[in-house]
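Trainee: Dropping in entry.csv, with CSV, C-alpha atoms.
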```
chain,number,residue,atom,x,y,z
A,1,MET,CA,14.0,-11.1,16.4
A,2,ALA,CA,15.9,-12.0,13.2
A,3,MET,CA,16.4,-9.8,10.2
A,4,ALA,CA,17.3,-10.6,6.6
A,5,PHE,CA,18.5,-8.4,3.8
A,6,LEU,CA,18.4,-8.7,0.1
A,7,HIS,CA,20.8,-6.2,-1.5
A,8,HIS,CA,21.0,-4.6,-4.9
A,9,ASN,CA,22.9,-1.5,-6.2
A,10,SER,CA,19.8,0.6,-6.1
A,11,PHE,CA,17.8,-0.9,-3.2
A,12,THR,CA,17.8,-3.1,-0.2
A,13,ILE,CA,14.8,-5.0,1.3
A,14,SER,CA,14.8,-5.8,5.0
A,15,MET,CA,12.2,-7.7,7.0
A,16,GLU,CA,11.7,-8.2,10.7
A,17,PHE,CA,9.4,-11.0,12.0
A,18,PRO,CA,8.0,-10.7,15.6
A,19,ALA,CA,5.8,-13.0,17.6
A,20,SER,CA,3.2,-10.4,18.7
A,21,LEU,CA,1.5,-10.7,15.3
A,22,SER,CA,-1.8,-12.5,15.1
A,23,PRO,CA,-1.5,-15.2,14.0
A,24,SER,CA,2.1,-15.6,15.1
A,25,PRO,CA,4.5,-16.8,12.4
A,26,PRO,CA,6.1,-20.2,12.7
A,27,ALA,CA,9.6,-20.6,14.0
A,28,THR,CA,10.9,-20.8,10.5
A,29,PHE,CA,9.3,-18.8,7.7
A,30,ASN,CA,9.9,-19.7,4.1
A,31,LEU,CA,8.8,-17.6,1.2
A,32,PHE,CA,9.4,-18.6,-2.4
A,33,LEU,CA,8.7,-16.1,-5.2
A,34,SER,CA,8.7,-16.7,-8.9
A,35,ILE,CA,8.1,-13.6,-11.0
A,36,LYS,CA,8.8,-14.1,-14.7
A,37,THR,CA,12.6,-14.8,-14.9
A,38,PRO,CA,14.3,-14.3,-11.5
A,39,ARG,CA,13.6,-16.5,-8.5
A,40,PHE,CA,14.3,-15.6,-5.0
A,41,LEU,CA,14.4,-17.6,-1.8
A,42,PHE,CA,13.8,-15.9,1.6
A,43,VAL,CA,14.4,-17.8,4.8
A,44,LYS,CA,13.8,-16.2,8.2
A,45,LYS,CA,14.3,-17.4,11.7
A,46,VAL,CA,12.0,-15.9,14.3
A,47,ASN,CA,12.7,-14.9,17.9
A,48,LYS,CA,9.3,-15.1,19.5
A,49,SER,CA,10.2,-12.8,22.4
A,50,GLN,CA,10.2,-9.7,20.2
A,51,GLN,CA,7.1,-7.5,20.5
A,52,LEU,CA,7.5,-5.0,17.7
A,53,CYS,CA,7.1,-5.4,13.9
A,54,HIS,CA,7.9,-3.5,10.8
A,55,CYS,CA,8.6,-4.5,7.2
A,56,ASN,CA,10.2,-1.8,5.1
A,57,SER,CA,12.2,-1.1,2.0
A,58,VAL,CA,14.9,1.5,2.1
A,59,SER,CA,15.1,1.9,-1.7
A,60,SER,CA,14.0,5.1,-3.3
A,61,SER,CA,11.5,3.0,-5.3
A,62,GLY,CA,10.3,1.3,-2.2
A,63,GLN,CA,9.8,4.5,-0.4
A,64,GLN,CA,7.9,5.9,-3.3
A,65,LEU,CA,5.6,2.8,-3.2
A,66,GLN,CA,4.6,3.7,0.3
A,67,GLU,CA,4.2,7.4,0.0
A,68,SER,CA,3.2,8.4,-3.5
A,69,VAL,CA,0.3,8.3,-5.9
A,70,VAL,CA,0.2,7.8,-9.7
A,71,ASP,CA,-3.1,9.4,-10.8
A,72,ASP,CA,-4.2,13.0,-10.6
A,73,GLY,CA,-7.4,12.5,-12.4
A,74,GLY,CA,-9.9,14.2,-10.1
A,75,GLY,CA,-11.0,14.9,-6.6
A,76,GLY,CA,-12.4,12.6,-4.0
A,77,GLY,CA,-15.8,14.2,-3.9
A,78,GLY,CA,-18.7,14.1,-6.3
A,79,GLY,CA,-21.7,11.9,-6.7
A,80,GLY,CA,-22.0,8.3,-7.4
A,81,ASP,CA,-23.6,5.1,-6.4
A,82,GLY,CA,-21.5,4.8,-3.2
A,83,TRP,CA,-21.3,1.6,-1.2
A,84,ASP,CA,-23.9,-1.1,-2.1
A,85,GLY,CA,-24.1,-2.5,1.4
A,86,LYS,CA,-22.4,-5.9,0.7
A,87,TYR,CA,-20.1,-7.0,3.5
A,88,ASP,CA,-19.2,-10.5,4.4
A,89,ASP,CA,-18.4,-10.6,8.1
A,90,GLY,CA,-17.4,-14.2,8.1
A,91,LYS,CA,-14.5,-13.8,5.6
A,92,GLY,CA,-13.8,-10.1,6.2
A,93,GLN,CA,-14.3,-9.4,2.5
A,94,PHE,CA,-15.8,-6.3,1.0
A,95,SER,CA,-17.8,-6.4,-2.3
A,96,ASN,CA,-18.3,-3.1,-4.1
A,97,LEU,CA,-17.0,-1.0,-1.3
A,98,VAL,CA,-17.4,2.0,-3.5
A,99,LYS,CA,-19.0,2.2,-7.0
A,100,GLU,CA,-18.5,5.5,-8.8
A,101,HIS,CA,-17.4,7.0,-12.2
A,102,GLY,CA,-17.5,3.6,-13.9
A,103,TRP,CA,-15.2,1.9,-11.3
A,104,GLN,CA,-15.9,-0.3,-8.3
A,105,VAL,CA,-13.5,-1.1,-5.5
A,106,ARG,CA,-13.4,-4.4,-3.5
A,107,ARG,CA,-11.0,-6.2,-1.3
A,108,MET,CA,-8.3,-8.1,-3.1
A,109,VAL,CA,-8.9,-11.9,-3.4
A,110,GLU,CA,-5.9,-13.8,-1.9
A,111,GLU,CA,-5.4,-15.8,-5.1
A,112,ASP,CA,-2.2,-16.2,-7.0
A,113,ASN,CA,-3.1,-14.4,-10.2
A,114,GLU,CA,-4.8,-11.5,-8.5
A,115,MET,CA,-1.9,-10.9,-6.0
A,116,ARG,CA,0.5,-10.9,-9.0
A,117,SER,CA,-1.6,-8.4,-10.8
A,118,VAL,CA,-1.6,-6.1,-7.7
A,119,ALA,CA,2.2,-6.4,-7.5
A,120,ASN,CA,2.6,-5.7,-11.2
A,121,ILE,CA,0.4,-2.5,-10.9
A,122,GLN,CA,2.4,-1.1,-8.0
A,123,ALA,CA,5.7,-2.1,-9.6
A,124,GLU,CA,4.7,-0.4,-12.9
A,125,ALA,CA,3.8,2.7,-11.0
A,126,PHE,CA,6.8,3.1,-8.7
A,127,TYR,CA,9.7,1.4,-10.5
A,128,GLU,CA,12.5,3.8,-11.6
A,129,PRO,CA,13.9,2.7,-15.0
A,130,LEU,CA,17.5,1.9,-15.4
A,131,ILE,CA,19.7,2.3,-18.4
A,132,ILE,CA,21.0,-1.2,-18.6
A,133,PHE,CA,19.4,-4.6,-17.6
A,134,ASN,CA,16.1,-2.7,-17.0
A,135,ASP,CA,13.9,-5.8,-17.5
A,136,VAL,CA,15.9,-7.8,-15.0
A,137,PHE,CA,15.8,-5.1,-12.4
A,138,PHE,CA,12.1,-4.5,-12.9
A,139,ASN,CA,11.4,-8.2,-12.3
A,140,PHE,CA,13.5,-8.0,-9.1
A,141,PHE,CA,11.5,-4.9,-7.9
A,142,GLU,CA,8.2,-6.6,-8.8
A,143,ALA,CA,9.3,-9.6,-6.6
A,144,GLU,CA,10.1,-7.2,-3.8
A,145,VAL,CA,6.6,-5.7,-4.0
A,146,LEU,CA,5.0,-9.1,-4.0
A,147,ALA,CA,7.1,-10.2,-1.1
A,148,GLY,CA,5.8,-7.2,0.9
A,149,LEU,CA,2.2,-7.9,0.0
A,150,LEU,CA,2.5,-11.6,1.0
A,151,TYR,CA,4.1,-10.6,4.3
A,152,ARG,CA,1.4,-8.2,5.2
A,153,LEU,CA,-1.4,-10.6,4.3
A,154,ARG,CA,0.2,-13.4,6.2
A,155,ASN,CA,0.9,-11.4,9.4
A,156,SER,CA,-2.0,-8.9,9.6
A,157,PRO,CA,-5.4,-9.6,11.1
A,158,PRO,CA,-8.2,-9.0,8.5
A,159,ASP,CA,-9.4,-5.9,10.3
A,160,ARG,CA,-6.1,-4.2,10.4
A,161,TYR,CA,-4.9,-4.5,6.9
A,162,ALA,CA,-6.6,-4.6,3.5
A,163,CYS,CA,-5.4,-4.4,0.0
A,164,LEU,CA,-8.2,-2.8,-2.1
A,165,VAL,CA,-8.4,-3.1,-5.9
A,166,ALA,CA,-10.4,-1.2,-8.5
A,167,GLU,CA,-11.9,-2.6,-11.6
A,168,ALA,CA,-14.5,-1.5,-14.2
A,169,THR,CA,-18.1,-1.8,-13.3
A,170,THR,CA,-18.8,-3.4,-16.7
A,171,SER,CA,-16.6,-5.7,-18.7
A,172,ASP,CA,-17.0,-7.9,-21.8
A,173,SER,CA,-14.6,-10.3,-20.3
A,174,GLU,CA,-15.5,-12.9,-17.6
A,175,VAL,CA,-12.3,-11.9,-15.8
A,176,LYS,CA,-12.2,-8.2,-15.1
A,177,GLN,CA,-8.9,-6.3,-15.3
A,178,LEU,CA,-7.6,-4.7,-12.2
A,179,VAL,CA,-6.8,-1.0,-12.9
A,180,GLY,CA,-5.8,0.3,-9.5
A,181,VAL,CA,-4.8,-0.7,-6.0
A,182,VAL,CA,-4.3,0.9,-2.6
A,183,ASP,CA,-3.1,-0.5,0.8
A,184,ALA,CA,-4.9,0.5,4.0
A,185,THR,CA,-3.2,-0.4,7.3
A,186,VAL,CA,-4.0,0.4,11.0
A,187,PHE,CA,-1.1,2.2,12.6
A,188,ARG,CA,-0.4,3.9,15.9
A,189,ASP,CA,2.8,6.0,15.3
A,190,ALA,CA,3.2,8.4,18.2
A,191,SER,CA,4.5,11.2,15.9
A,192,VAL,CA,1.3,11.0,13.9
A,193,LEU,CA,-1.1,10.5,16.9
A,194,GLU,CA,0.0,13.9,18.3
A,195,HIS,CA,-1.9,15.5,15.4
A,196,LEU,CA,-5.1,13.3,16.0
A,197,SER,CA,-7.4,14.4,18.8
A,198,GLY,CA,-8.7,11.6,21.0
A,199,ALA,CA,-7.4,8.8,18.8
A,200,ASP,CA,-5.0,6.0,19.7
A,201,GLU,CA,-4.9,4.4,16.2
A,202,TYR,CA,-5.6,5.5,12.6
A,203,LEU,CA,-5.9,4.1,9.1
A,204,TYR,CA,-2.8,4.7,7.0
A,205,VAL,CA,-3.2,4.9,3.2
A,206,SER,CA,-0.2,3.9,1.0
A,207,GLY,CA,0.8,2.3,-2.2
A,208,ILE,CA,-1.9,3.8,-4.3
A,209,ALA,CA,-1.3,3.1,-7.9
A,210,VAL,CA,-3.2,3.1,-11.2
A,211,LEU,CA,-2.2,1.5,-14.6
A,212,PRO,CA,-0.9,4.0,-17.1
A,213,ASN,CA,-3.8,3.6,-19.5
A,214,PHE,CA,-6.4,4.4,-16.8
A,215,ARG,CA,-4.9,7.4,-15.2
A,216,ARG,CA,-6.7,10.7,-15.0
A,217,LYS,CA,-10.0,8.8,-15.1
A,218,LYS,CA,-10.8,9.2,-11.4
A,219,VAL,CA,-9.6,5.7,-10.4
A,220,ALA,CA,-7.4,7.1,-7.6
A,221,SER,CA,-10.3,9.2,-6.3
A,222,VAL,CA,-12.5,6.1,-6.0
A,223,LEU,CA,-9.7,4.2,-4.3
A,224,LEU,CA,-9.3,7.0,-1.8
A,225,LYS,CA,-13.1,7.0,-1.1
A,226,SER,CA,-13.0,3.3,-0.5
A,227,CYS,CA,-10.3,3.8,2.2
A,228,GLU,CA,-12.7,6.2,3.9
A,229,MET,CA,-15.5,3.7,3.7
A,230,LEU,CA,-13.2,1.1,5.2
A,231,ALA,CA,-12.2,3.4,8.0
A,232,ARG,CA,-15.9,3.8,8.9
A,233,PHE,CA,-16.5,0.1,9.0
A,234,TRP,CA,-13.5,-0.5,11.2
A,235,GLY,CA,-14.3,2.4,13.4
A,236,TYR,CA,-11.3,4.7,12.8
A,237,LYS,CA,-11.9,8.4,12.8
A,238,TYR,CA,-8.8,9.5,11.0
A,239,LEU,CA,-7.1,8.6,7.7
A,240,VAL,CA,-3.5,9.4,7.3
A,241,LEU,CA,-1.2,9.5,4.3
A,242,ARG,CA,2.1,11.0,3.1
A,243,ALA,CA,2.9,12.8,-0.1
A,244,TYR,CA,6.1,14.3,-1.5
A,245,GLU,CA,6.1,18.1,-1.0
A,246,ASP,CA,7.1,18.8,-4.6
A,247,ASP,CA,4.4,16.4,-6.0
A,248,LEU,CA,1.7,19.0,-6.8
A,249,GLY,CA,-0.5,16.4,-8.6
A,250,ALA,CA,-0.7,14.0,-5.7
A,251,ARG,CA,-1.2,16.8,-3.1
A,252,THR,CA,-4.0,18.3,-5.2
A,253,LEU,CA,-5.7,14.9,-5.5
A,254,TYR,CA,-5.5,14.3,-1.7
A,255,ALA,CA,-6.6,17.9,-1.0
A,256,ASN,CA,-9.7,17.4,-3.2
A,257,ALA,CA,-10.4,14.2,-1.3
A,258,GLY,CA,-10.5,16.1,2.0
A,259,TYR,CA,-6.9,15.6,3.3
A,260,LYS,CA,-5.1,18.5,5.0
A,261,ILE,CA,-1.4,19.0,5.5
A,262,VAL,CA,-0.5,19.0,9.2
A,263,SER,CA,3.3,18.7,9.2
A,264,SER,CA,6.4,18.2,7.0
A,265,ASP,CA,9.5,16.1,7.4
A,266,PRO,CA,12.2,17.8,9.5
A,267,VAL,CA,14.8,19.6,7.4
A,268,TRP,CA,17.6,17.4,8.8
A,269,THR,CA,15.9,14.2,7.5
A,270,THR,CA,15.8,15.5,3.9
A,271,SER,CA,19.3,16.9,3.7
A,272,TRP,CA,20.7,13.8,2.0
A,273,ILE,CA,21.0,13.9,-1.7
A,274,GLY,CA,18.1,12.2,-3.4
A,275,ARG,CA,15.8,12.3,-0.3
A,276,ARG,CA,12.6,14.2,-1.1
A,277,ARG,CA,10.7,16.0,1.6
A,278,ARG,CA,7.3,14.7,2.5
A,279,VAL,CA,4.2,16.2,4.0
A,280,LEU,CA,1.8,14.4,6.4
A,281,MET,CA,-1.8,14.7,5.4
A,282,ILE,CA,-4.9,13.8,7.5
A,283,LYS,CA,-8.6,13.4,6.9
A,284,GLN,CA,-11.2,13.1,9.6
A,285,CYS,CA,-14.1,11.0,8.6
A,286,ASN,CA,-17.7,10.9,10.0
A,287,LEU,CA,-18.2,7.6,11.7
A,288,THR,CA,-22.0,8.1,11.7
```
Here is the file; what I need is its structure written in the form of structure tokens.
Mentor:
Amino acid sequence: MAMAFLHHNSFTISMEFPASLSPSPPATFNLFLSIKTPRFLFVKKVNKSQQLCHCNSVSSSGQQLQESVVDDGGGGGGGGDGWDGKYDDGKGQFSNLVKEHGWQVRRMVEEDNEMRSVANIQAEAFYEPLIIFNDVFFNFFEAEVLAGLLYRLRNSPPDRYACLVAEATTSDSEVKQLVGVVDATVFRDASVLEHLSGADEYLYVSGIAVLPNFRRKKVASVLLKSCEMLARFWGYKYLVLRAYEDDLGARTLYANAGYKIVSSDPVWTTSWIGRRRRVLMIKQCNLT
């Protein structure tokens, strides 16, 4: 196993590359990113004997990207068109997974412009502005977000990770604008499984973000419902997410969508200055 770190005053990005992933990464992994001005080169060496994997950011912004929401515009219930039944088994793509409130959700297309749009939406939502050199640092953070997205796409089987995107159901333009995004990943964390009866894996919801001009318009609610539909297709009974304890808007959104708090971060893990306490929220979906 090899690790590499990219440091900045406010954050550090670290990655570990195992051999147990399917497909396994090559012995040398090169990732070149070009986002607006800065360019970054990541080179990793892989030890194929390692059996575990995780990719994480230890920055406050990166943590927020994984555990927060930027949209409190409505609950997860309500009527709508629902799923239109289109699923391409061959490519693992979902078309119109959910279609409600004027929005439709599908799986992200692994194409350069769309992946950059996804990274931009999440970066806009979770970036913490700085007093000086803000544009440069934002570009750096956006590149970090894109790096994480590319890593997950490259190293995750299509039935264990999906990036879902929301767009308007009608548009005058031939190319519809992405307005929201959410990540759905299959996990098996023991500390979470102890709250899940009879399950050995679950679908973890993270990185949900909505463009500023489209917040409070139920985009996040439709994204959450799409994760539930995805869990049903993949056969997972539980959906899991985390929210900050003091973020009433996000907690209300999740509660309206059917998520219930089952635990909180231990006090000792939140005693450091700047570390916000999180709650673990779970929803059980009907597989039938």
Trainee: Just to confirm, what's the straight-line distance from CA of Asp265 in chain A to CA of Gly207 in chain A in Å (one decimal)?
Mentor: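 Separating CA of Asp265 in chain A from CA of Gly207 in chain A is a distance of 18.9 Å.
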Trainee: One decimal, in Å: what's the spacing between CA of Val109 in chain A and CA of Ser221 in chain A?
Mentor: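 That distance, rounded to one decimal, is 21.3 Å.
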Trainee: Just want the 9 Å neighbourhood of range 180-197 of chain A, counted on only C-alpha atoms, with same-chain residues fewer than 3 positions away dropped. Output as a PyMOL selection string.
Mentor: chain A and resi 66+105+108+118+121-122+156+159-167+200-211+214+219-220+223-224+227+230-231+236-238+240+262-263+280+282+284
Trainee: Export C-alpha atoms of the chosen residues as an mmCIF file, keeping the file's coordinate frame?
Mentor:
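Just written: result12.cif:
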```cif
data_model
loop_
_atom_site.group_PDB
_atom_site.id
_atom_site.type_symbol
_atom_site.label_atom_id
_atom_site.label_comp_id
_atom_site.auth_asym_id
_atom_site.auth_seq_id
_atom_site.Cartn_x
_atom_site.Cartn_y
_atom_site.Cartn_z
ATOM 1 C CA GLN A 66 4.600 3.700 0.300
ATOM 2 C CA VAL A 105 -13.500 -1.100 -5.500
ATOM 3 C CA MET A 108 -8.300 -8.100 -3.100
ATOM 4 C CA VAL A 118 -1.600 -6.100 -7.700
ATOM 5 C CA ILE A 121 0.400 -2.500 -10.900
ATOM 6 C CA GLN A 122 2.400 -1.100 -8.000
ATOM 7 C CA SER A 156 -2.000 -8.900 9.600
ATOM 8 C CA ASP A 159 -9.400 -5.900 10.300
ATOM 9 C CA ARG A 160 -6.100 -4.200 10.400
ATOM 10 C CA TYR A 161 -4.900 -4.500 6.900
ATOM 11 C CA ALA A 162 -6.600 -4.600 3.500
ATOM 12 C CA CYS A 163 -5.400 -4.400 0.000
ATOM 13 C CA LEU A 164 -8.200 -2.800 -2.100
ATOM 14 C CA VAL A 165 -8.400 -3.100 -5.900
ATOM 15 C CA ALA A 166 -10.400 -1.200 -8.500
ATOM 16 C CA GLU A 167 -11.900 -2.600 -11.600
ATOM 17 C CA ASP A 200 -5.000 6.000 19.700
ATOM 18 C CA GLU A 201 -4.900 4.400 16.200
ATOM 19 C CA TYR A 202 -5.600 5.500 12.600
ATOM 20 C CA LEU A 203 -5.900 4.100 9.100
ATOM 21 C CA TYR A 204 -2.800 4.700 7.000
ATOM 22 C CA VAL A 205 -3.200 4.900 3.200
ATOM 23 C CA SER A 206 -0.200 3.900 1.000
ATOM 24 C CA GLY A 207 0.800 2.300 -2.200
ATOM 25 C CA ILE A 208 -1.900 3.800 -4.300
ATOM 26 C CA ALA A 209 -1.300 3.100 -7.900
ATOM 27 C CA VAL A 210 -3.200 3.100 -11.200
ATOM 28 C CA LEU A 211 -2.200 1.500 -14.600
ATOM 29 C CA PHE A 214 -6.400 4.400 -16.800
ATOM 30 C CA VAL A 219 -9.600 5.700 -10.400
ATOM 31 C CA ALA A 220 -7.400 7.100 -7.600
ATOM 32 C CA LEU A 223 -9.700 4.200 -4.300
ATOM 33 C CA LEU A 224 -9.300 7.000 -1.800
ATOM 34 C CA CYS A 227 -10.300 3.800 2.200
ATOM 35 C CA LEU A 230 -13.200 1.100 5.200
ATOM 36 C CA ALA A 231 -12.200 3.400 8.000
ATOM 37 C CA TYR A 236 -11.300 4.700 12.800
ATOM 38 C CA LYS A 237 -11.900 8.400 12.800
ATOM 39 C CA TYR A 238 -8.800 9.500 11.000
ATOM 40 C CA VAL A 240 -3.500 9.400 7.300
ATOM 41 C CA VAL A 262 -0.500 19.000 9.200
ATOM 42 C CA SER A 263 3.300 18.700 9.200
ATOM 43 C CA LEU A 280 1.800 14.400 6.400
ATOM 44 C CA ILE A 282 -4.900 13.800 7.500
ATOM 45 C CA GLN A 284 -11.200 13.100 9.600
#
```
Trainee: How many Å separate CA of Met229 in chain A from CA of Ala243 in chain A?
Mentor: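 Distance between the two atoms: 20.9 Å.
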